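As structure tokens, the structure follows; a few thoughts come after it.
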Amino acid sequence: MKKKWIWVLFSLLLIEVALAAFIFINPFGQTKSKKDEPKQTQEISSTVVEKTSTSTSEEKENEWIKSDTEISFPILMYHSLAESEGNSLKVPPTEFKEHLKWLKENDYYTLTPEEAYTVLTENKKPAEKIVWITLDDGYLNNYTDGFPIFKELKMNGTINYITSKIENSSYFNLNQMKEMSQNEFISIESHTVSHLDLNTLEDDHIRSELKDSKEWLDNNLKQNTSLLCYPAGRYDERVKQIAEETGYKMAVTTEPGYAKKSDGLFALKRVRVSPGYSGEAFGQYLTSSNQ
């Protein structure tokens, strides 16, 4: 009987020693610190975000469509957005909106100058159907009537501005220009300083018209102006060479047709849009302008 009690006491002692050892080695019943968990979770999350960002970037790049043949596309040419009153350079805002709505409803992607340059130089495009909308001169109604339409329809437009008109009440001012330029849908590019026929000028005068306009836009809009719009479409080989030397990447003319690289980056054709077109009539005119 005495031996039995000795074995019971000895067993209890072993159990207490085992429990004490377990508590000492792992006092909180855990094999890892909780402090490590958020760090590991954060590292995993960062990896996921990084991979997602990379994937999104690659997908965006892959969205561009490479072409085995030369890409050509319409560059639309507008001027004033006002009742025409017999002036072919004036398109009523209601008609202008119908034109843009037709483009949107028919799945046209509207290009920025940067995207147009990529299309022309790399022969790839961000969508099957593309168009570049340009407005010349910088009339006030481009801001009061055109700008709200671009924003409403979420479409891109490029306004080629005559920089000497900045104090003229018929043209939008610097504050209005900055407001549009800072919006994702509007780009402001050069239409020279004085809107003179460049091919009639001496080389130095050509250079000042192009250089001064670009520098003014670059400084005031904090941008690198890349597009030149020839006043009245007048240019020659001298004008093209000076345009390239003064930092422009491309230039648009008034010559009819679709734009393509083989015509030269400084001789891009455009499709002139006159008043009198409904949305459907505009669509028919646009699709037949490359024939």
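Residue numbering restarts at 1 for every chain of the structure tokens, chains are lettered A, B, ... in their displayed order, and ligands are numbered from 1 as they appear.
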Report task. Skip region 229-231 of chain A itself and residues of its chain fewer than 2 positions away, then list as a PyMOL selection string all residues within 10 Å of it, counting only C-alpha atoms. Result -> chain A and resi 134-137+159-162+189-199+210+227+233-235+239-240+250-254+266-268
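Within 7 Å of Val131 (chain A), once only C-alpha atoms are used and residues closer than 4 positions along the same chain are dropped, the contacting residues are Phe73, Pro74, Ile75, Tyr108, Tyr109, Thr110 and Leu111 of chain A.
Ranking A:Glu105, A:Glu83, A:Glu63, A:Asp236 by their shortest atom-to-atom distance to Leu201 (chain A), with only C-alpha atoms included, puts A:Asp236 first.
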Report task. Would you list, as a VMD selection string, the residues of region 108-172 of chain A that end up in strand (DSSP E) under DSSP run on this structure's backbone? Result -> chain A and resid 108 to 110 124 to 125 129 to 137 157 to 161
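Interatomic distance, CA of Thr163 (chain A) to CA of Lys178 (chain A): 13.3 Å.
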**Report entry** All residues 12 Å or closer to region 95-100 of chain A, only C-alpha atoms, same chain fewer than 2 positions away omitted, as a VMD selection string
**Finding:** chain A and resid 76 to 84 90 to 93 102 to 110 131 to 133 135 141 to 142 145 to 157 273 to 286
**Report entry** DSSP-assigned helix (DSSP H, G or I) among region 233-268 of chain A, expressed as a ChimeraX atom specification
**Finding:** /A:233,237-245,261-263
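Residues in contact with Leu221 (chain A) at up to 10 Å, not including ones fewer than 4 positions away on its chain and judged by only C-alpha atoms, are Leu174, Met177, Lys178, Glu179, Ser181, Gln182, Ile188, Glu215, Trp216, Leu217 and Thr225 of chain A.
Of note, CA of Gly138 (chain A) and CA of Ile186 (chain A) are spaced 12.1 Å apart.
For the pair CA of Glu70 (chain A) and CA of Ala116 (chain A), the interatomic distance is 13.7 Å.
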**Report entry** Distance criterion (only C-alpha atoms): nearest to Lys260 (chain A) out of A:Asn220, A:Asn123, A:Thr112, A:Asn87
**Finding:** A:Asn123
Identify, on the basis of only C-alpha atoms, every residue whose closest approach to Ile242 (chain A) does not exceed 10 Å; exclude the query and any residue fewer than 5 positions from it along the same chain; express the result as a PDB file with C-alpha atoms, in the first residue's frame.
```
ATOM      1  CA  ASP A 203      13.461  82.177 -92.707  1.00  0.00           C
ATOM      2  CA  ASP A 204      14.095  84.246 -89.575  1.00  0.00           C
ATOM      3  CA  ILE A 206       9.236  81.838 -89.921  1.00  0.00           C
ATOM      4  CA  ARG A 207      11.471  80.746 -87.070  1.00  0.00           C
ATOM      5  CA  SER A 208      10.214  83.445 -84.706  1.00  0.00           C
ATOM      6  CA  LEU A 210       7.080  79.001 -84.673  1.00  0.00           C
ATOM      7  CA  LYS A 211       9.607  79.262 -81.870  1.00  0.00           C
ATOM      8  CA  GLU A 237      10.014  72.658 -97.508  1.00  0.00           C
ATOM      9  CA  GLY A 247      11.038  71.298 -81.671  1.00  0.00           C
ATOM     10  CA  TYR A 248       7.712  70.315 -83.237  1.00  0.00           C
TER      11      TYR A 248
END
```
